[in-house]
Amino acid sequence: MEITIFGKDNMGQAIGKNFTEAGNNVQYYGSKDTAQQLGDIVVMAVPYPALAALAKQYQAELAGKIVVDITNPLNFETWDELVVPADSSAAQQLQELLPESKVLKAFNTNFAATLQSGKIGELPTTVLVAGDDEDAKAVFKSALASSALQVLNAGKLKRAREMEATGFLQMSLAASEQIGWDGGFGVVGN
């Protein structure tokens, strides 16, 4: 599968590593690059404030594509709140900007180090994915099937709100040095 990743920093590289290890072709674009052709899955590995501009710039090219939002829309000045309304999420806002795309929320509850290693402690790194299109979630899971990651369907796109709150909590714990940036929440399956 062809994967496009907007963002060349730690998260973009860690996500891309897993898609590559699962046998996909990955293309990266940075903030100064212009994307020539977008893949089947497009990962927005950018800070929350960059999402809207990127969505507007590539709206036509993203029509029909699976678009993955990884952001945690927190107030980085205070580290004390999410900056989206309590009944919404960054992913839901992105879906409104990209009505012809299949927006998924994923990777926001994972740190780059756990995506690189494929482990949180002794547990496999679990990627939660939320979205309204079940086929898009199945394609996403399939694209990572041969990676070290475990992918769980977290439900409809409205679950992105809880995922963003979980990502925020995990980041707060790491920022206050109660856990490491190579730690985080793990999922024990059945």
# chains A, B, ... in the order shown; residues from 1 in each chain; ligands from 1
call {"tool": "residues_around", "arguments": {"residues": "segment 2-4 of chain A", "least_positions_apart": "5", "cutoff": "7 Å", "atoms": "only C-alpha atoms", "output": "list of chain:residue names"}}
result
A:Asn24, A:Asn25, A:Val26, A:Gln27, A:Tyr28, A:Leu38, A:Gly39, A:Asp40, A:Ile41, A:Val42, A:Val43
call {"tool": "residues_around", "arguments": {"residues": "segment 79-81 of chain A", "least_positions_apart": "5", "cutoff": "12 Å", "atoms": "only C-alpha atoms", "output": "ChimeraX atom specification"}}
result
/A:72-74,86,164-165,167-176
call {"tool": "write_last_selection", "arguments": {"atoms": "N, CA, C and O atoms", "output": "compact mmCIF listing (two decimals), in the first residue's frame"}}
result
# COMPACT_ATOMS: atom_id res chain seq x y z
N ASN A 72 -2.85 15.62 19.47
CA ASN A 72 -3.44 15.86 20.78
C ASN A 72 -3.55 17.37 20.91
O ASN A 72 -2.52 18.04 21.07
N PRO A 73 -4.76 17.91 20.79
CA PRO A 73 -4.93 19.36 20.73
C PRO A 73 -4.87 20.04 22.10
O PRO A 73 -5.86 20.59 22.58
N LEU A 74 -3.68 19.98 22.72
CA LEU A 74 -3.61 20.58 24.04
C LEU A 74 -3.00 21.98 23.98
O LEU A 74 -2.32 22.33 23.02
N ALA A 86 -15.58 20.66 24.38
CA ALA A 86 -15.75 19.42 25.16
C ALA A 86 -16.57 18.36 24.42
O ALA A 86 -16.46 17.18 24.73
N GLU A 164 -8.16 11.62 22.76
CA GLU A 164 -7.36 12.84 22.94
C GLU A 164 -7.16 13.15 24.41
O GLU A 164 -6.08 13.59 24.82
N ALA A 165 -8.17 12.90 25.22
CA ALA A 165 -8.04 13.11 26.67
C ALA A 165 -7.02 12.12 27.25
O ALA A 165 -6.19 12.49 28.10
N GLY A 167 -4.51 10.72 25.55
CA GLY A 167 -3.21 11.17 25.07
C GLY A 167 -2.69 12.34 25.89
O GLY A 167 -1.50 12.40 26.25
N PHE A 168 -3.58 13.27 26.21
CA PHE A 168 -3.23 14.44 27.02
C PHE A 168 -2.77 14.00 28.41
O PHE A 168 -1.75 14.48 28.93
N LEU A 169 -3.50 13.08 29.04
CA LEU A 169 -3.14 12.59 30.37
C LEU A 169 -1.77 11.92 30.34
O LEU A 169 -0.91 12.18 31.20
N GLN A 170 -1.54 11.09 29.34
CA GLN A 170 -0.26 10.40 29.22
C GLN A 170 0.88 11.40 29.03
O GLN A 170 1.95 11.28 29.65
N MET A 171 0.67 12.43 28.19
CA MET A 171 1.68 13.46 27.98
C MET A 171 1.95 14.24 29.28
O MET A 171 3.09 14.57 29.59
N SER A 172 0.89 14.51 30.04
CA SER A 172 1.03 15.23 31.30
C SER A 172 1.87 14.42 32.30
O SER A 172 2.71 14.98 33.01
N LEU A 173 1.65 13.11 32.34
CA LEU A 173 2.43 12.25 33.22
C LEU A 173 3.91 12.24 32.83
O LEU A 173 4.79 12.29 33.69
N ALA A 174 4.17 12.22 31.53
CA ALA A 174 5.56 12.22 31.06
C ALA A 174 6.21 13.58 31.29
O ALA A 174 7.37 13.66 31.71
N ALA A 175 5.48 14.65 31.01
CA ALA A 175 6.03 16.00 31.19
C ALA A 175 6.36 16.28 32.66
O ALA A 175 7.32 17.01 32.96
N SER A 176 5.60 15.69 33.57
CA SER A 176 5.87 15.86 35.00
C SER A 176 6.84 14.80 35.53
O SER A 176 7.03 14.67 36.73
call {"tool": "residues_around", "arguments": {"residues": "Gln59 of chain A", "least_positions_apart": "2", "cutoff": "10 Å", "atoms": "only C-alpha atoms", "output": "PyMOL selection string"}}
result
chain A and resi 53-57+61-63+97-101
call {"tool": "residues_around", "arguments": {"residues": "segment 127-129 of chain A", "least_positions_apart": "4", "cutoff": "12 Å", "atoms": "only C-alpha atoms", "output": "ChimeraX atom specification"}}
result
/A:15,18,67-70,91,103-112,114-115,118-120,133-134,136-141,144-145,147-164,166-167,184-187
call {"tool": "closest_residue", "arguments": {"among": "A:Gly30, A:Gly189, A:Gly183, A:Gly23", "to": "Ala113 of chain A", "atoms": "only C-alpha atoms"}}
result
A:Gly183
call {"tool": "select_by_dssp", "arguments": {"residues": "chain A", "states": "helix (DSSP H, G or I)", "output": "PyMOL selection string"}}
result
chain A and resi 10-21+48-57+59-62+90-97+112-117+134-143+157-175
call {"tool": "atom_distance", "arguments": {"atom1": "atom CA of Glu21 of chain A", "atom2": "atom CA of Ala90 of chain A"}}
result
28.2 Å
call {"tool": "atom_distance", "arguments": {"atom1": "atom CA of Glu96 of chain A", "atom2": "atom CA of Gly7 of chain A"}}
result
21.6 Å
call {"tool": "closest_residue", "arguments": {"among": "A:Ala52, A:Val188, A:Met1, A:Val46", "to": "Leu123 of chain A", "atoms": "only C-alpha atoms"}}
result
A:Val188
call {"tool": "closest_residue", "arguments": {"among": "A:Thr78, A:Ser146, A:Gln36, A:Thr71", "to": "Gln93 of chain A", "atoms": "only C-alpha atoms"}}
result
A:Thr71
call {"tool": "atom_distance", "arguments": {"atom1": "atom CA of Ile179 of chain A", "atom2": "atom CA of Phe76 of chain A"}}
result
18.7 Å
call {"tool": "select_by_dssp", "arguments": {"residues": "segment 17-139 of chain A", "states": "strand (DSSP E)", "output": "PDB file with N, CA and C atoms, in the first residue's frame"}}
result
ATOM      1  N   ASN A  25       4.869   1.106   1.066  1.00  0.00           N
ATOM      2  CA  ASN A  25       5.762   2.156   0.570  1.00  0.00           C
ATOM      3  C   ASN A  25       5.381   3.451   1.261  1.00  0.00           C
ATOM      4  N   VAL A  26       6.370   4.114   1.878  1.00  0.00           N
ATOM      5  CA  VAL A  26       6.105   5.328   2.652  1.00  0.00           C
ATOM      6  C   VAL A  26       6.818   6.520   2.024  1.00  0.00           C
ATOM      7  N   GLN A  27       6.087   7.606   1.871  1.00  0.00           N
ATOM      8  CA  GLN A  27       6.622   8.872   1.371  1.00  0.00           C
ATOM      9  C   GLN A  27       6.401   9.933   2.436  1.00  0.00           C
ATOM     10  N   TYR A  28       7.451  10.680   2.774  1.00  0.00           N
ATOM     11  CA  TYR A  28       7.366  11.722   3.796  1.00  0.00           C
ATOM     12  C   TYR A  28       7.373  13.109   3.154  1.00  0.00           C
ATOM     13  N   TYR A  29       6.599  14.034   3.747  1.00  0.00           N
ATOM     14  CA  TYR A  29       6.630  15.429   3.329  1.00  0.00           C
ATOM     15  C   TYR A  29       6.775  16.309   4.561  1.00  0.00           C
ATOM     16  N   ILE A  41      -3.308   5.867   2.234  1.00  0.00           N
ATOM     17  CA  ILE A  41      -3.461   6.340   3.616  1.00  0.00           C
ATOM     18  C   ILE A  41      -2.559   7.553   3.771  1.00  0.00           C
ATOM     19  N   VAL A  42      -3.125   8.627   4.300  1.00  0.00           N
ATOM     20  CA  VAL A  42      -2.362   9.859   4.523  1.00  0.00           C
ATOM     21  C   VAL A  42      -2.365  10.149   6.022  1.00  0.00           C
ATOM     22  N   VAL A  43      -1.180  10.179   6.620  1.00  0.00           N
ATOM     23  CA  VAL A  43      -1.037  10.398   8.054  1.00  0.00           C
ATOM     24  C   VAL A  43      -0.639  11.854   8.305  1.00  0.00           C
ATOM     25  N   MET A  44      -1.420  12.535   9.115  1.00  0.00           N
ATOM     26  CA  MET A  44      -1.134  13.925   9.487  1.00  0.00           C
ATOM     27  C   MET A  44      -0.324  13.918  10.780  1.00  0.00           C
ATOM     28  N   ILE A  66      -8.026   7.764   3.008  1.00  0.00           N
ATOM     29  CA  ILE A  66      -8.040   7.558   4.451  1.00  0.00           C
ATOM     30  C   ILE A  66      -7.047   8.556   5.030  1.00  0.00           C
ATOM     31  N   VAL A  67      -7.528   9.437   5.903  1.00  0.00           N
ATOM     32  CA  VAL A  67      -6.692  10.476   6.505  1.00  0.00           C
ATOM     33  C   VAL A  67      -6.619  10.226   8.007  1.00  0.00           C
ATOM     34  N   VAL A  68      -5.404  10.058   8.517  1.00  0.00           N
ATOM     35  CA  VAL A  68      -5.199   9.717   9.922  1.00  0.00           C
ATOM     36  C   VAL A  68      -4.700  10.939  10.689  1.00  0.00           C
ATOM     37  N   ASP A  69      -5.480  11.350  11.683  1.00  0.00           N
ATOM     38  CA  ASP A  69      -5.112  12.454  12.573  1.00  0.00           C
ATOM     39  C   ASP A  69      -4.456  11.873  13.814  1.00  0.00           C
ATOM     40  N   LYS A 102     -12.031   9.939   4.543  1.00  0.00           N
ATOM     41  CA  LYS A 102     -12.373   9.021   5.629  1.00  0.00           C
ATOM     42  C   LYS A 102     -11.380   9.268   6.753  1.00  0.00           C
ATOM     43  N   VAL A 103     -11.755  10.114   7.703  1.00  0.00           N
ATOM     44  CA  VAL A 103     -10.845  10.511   8.768  1.00  0.00           C
ATOM     45  C   VAL A 103     -10.839   9.472   9.883  1.00  0.00           C
ATOM     46  N   LEU A 104      -9.640   9.105  10.297  1.00  0.00           N
ATOM     47  CA  LEU A 104      -9.430   8.198  11.426  1.00  0.00           C
ATOM     48  C   LEU A 104      -8.590   8.906  12.470  1.00  0.00           C
ATOM     49  N   LYS A 105      -8.787   8.567  13.716  1.00  0.00           N
ATOM     50  CA  LYS A 105      -7.931   9.024  14.816  1.00  0.00           C
ATOM     51  C   LYS A 105      -7.081   7.835  15.223  1.00  0.00           C
ATOM     52  N   ALA A 106      -5.766   8.004  15.261  1.00  0.00           N
ATOM     53  CA  ALA A 106      -4.868   6.921  15.679  1.00  0.00           C
ATOM     54  C   ALA A 106      -3.518   7.500  16.069  1.00  0.00           C
ATOM     55  N   LYS A 119       6.958  -1.827  21.860  1.00  0.00           N
ATOM     56  CA  LYS A 119       6.636  -2.307  23.210  1.00  0.00           C
ATOM     57  C   LYS A 119       6.408  -1.148  24.170  1.00  0.00           C
ATOM     58  N   ILE A 120       5.521  -1.394  25.141  1.00  0.00           N
ATOM     59  CA  ILE A 120       5.366  -0.539  26.315  1.00  0.00           C
ATOM     60  C   ILE A 120       5.639  -1.465  27.485  1.00  0.00           C
ATOM     61  N   LEU A 123       4.572  -5.217  27.268  1.00  0.00           N
ATOM     62  CA  LEU A 123       3.393  -5.347  26.415  1.00  0.00           C
ATOM     63  C   LEU A 123       3.666  -4.850  25.003  1.00  0.00           C
ATOM     64  N   PRO A 124       2.961  -5.426  24.008  1.00  0.00           N
ATOM     65  CA  PRO A 124       3.077  -4.851  22.662  1.00  0.00           C
ATOM     66  C   PRO A 124       2.430  -3.465  22.650  1.00  0.00           C
ATOM     67  N   THR A 126       0.002  -0.845  21.613  1.00  0.00           N
ATOM     68  CA  THR A 126      -1.341  -0.910  21.049  1.00  0.00           C
ATOM     69  C   THR A 126      -1.723   0.445  20.468  1.00  0.00           C
ATOM     70  N   VAL A 127      -2.136   0.426  19.212  1.00  0.00           N
ATOM     71  CA  VAL A 127      -2.627   1.625  18.541  1.00  0.00           C
ATOM     72  C   VAL A 127      -4.146   1.545  18.523  1.00  0.00           C
ATOM     73  N   LEU A 128      -4.789   2.529  19.139  1.00  0.00           N
ATOM     74  CA  LEU A 128      -6.243   2.619  19.094  1.00  0.00           C
ATOM     75  C   LEU A 128      -6.621   3.394  17.836  1.00  0.00           C
ATOM     76  N   VAL A 129      -7.661   2.959  17.138  1.00  0.00           N
ATOM     77  CA  VAL A 129      -8.118   3.673  15.942  1.00  0.00           C
ATOM     78  C   VAL A 129      -9.629   3.872  16.028  1.00  0.00           C
ATOM     79  N   ALA A 130     -10.047   5.123  15.835  1.00  0.00           N
ATOM     80  CA  ALA A 130     -11.470   5.471  15.839  1.00  0.00           C
ATOM     81  C   ALA A 130     -11.821   6.094  14.489  1.00  0.00           C
ATOM     82  N   GLY A 131     -13.034   5.835  14.035  1.00  0.00           N
ATOM     83  CA  GLY A 131     -13.496   6.414  12.771  1.00  0.00           C
ATOM     84  C   GLY A 131     -14.879   5.923  12.435  1.00  0.00           C
TER      85      GLY A 131
END
call {"tool": "decode", "arguments": {"residues": "segment 67-84 of chain A", "atoms": "C-alpha atoms", "output": "short mmCIF file (atom, residue, chain, number, x, y, z; two decimals), in the first residue's frame"}}
result
data_model
loop_
_atom_site.label_atom_id
_atom_site.label_comp_id
_atom_site.auth_asym_id
_atom_site.auth_seq_id
_atom_site.Cartn_x
_atom_site.Cartn_y
_atom_site.Cartn_z
CA VAL A 67 -6.69 10.48 6.50
CA VAL A 68 -5.20 9.72 9.92
CA ASP A 69 -5.11 12.45 12.57
CA ILE A 70 -2.51 11.79 15.29
CA THR A 71 -2.78 15.12 17.13
CA ASN A 72 -3.44 15.86 20.78
CA PRO A 73 -4.93 19.36 20.73
CA LEU A 74 -3.61 20.58 24.04
CA ASN A 75 -2.75 24.07 25.12
CA PHE A 76 1.06 23.90 24.98
CA GLU A 77 1.40 27.24 26.79
CA THR A 78 -0.33 26.01 29.96
CA TRP A 79 -0.30 22.21 29.54
CA ASP A 80 -3.60 22.42 31.39
CA GLU A 81 -6.39 21.85 28.85
CA LEU A 82 -7.46 20.62 25.47
CA VAL A 83 -8.23 23.48 23.07
CA VAL A 84 -11.18 21.87 21.28
#
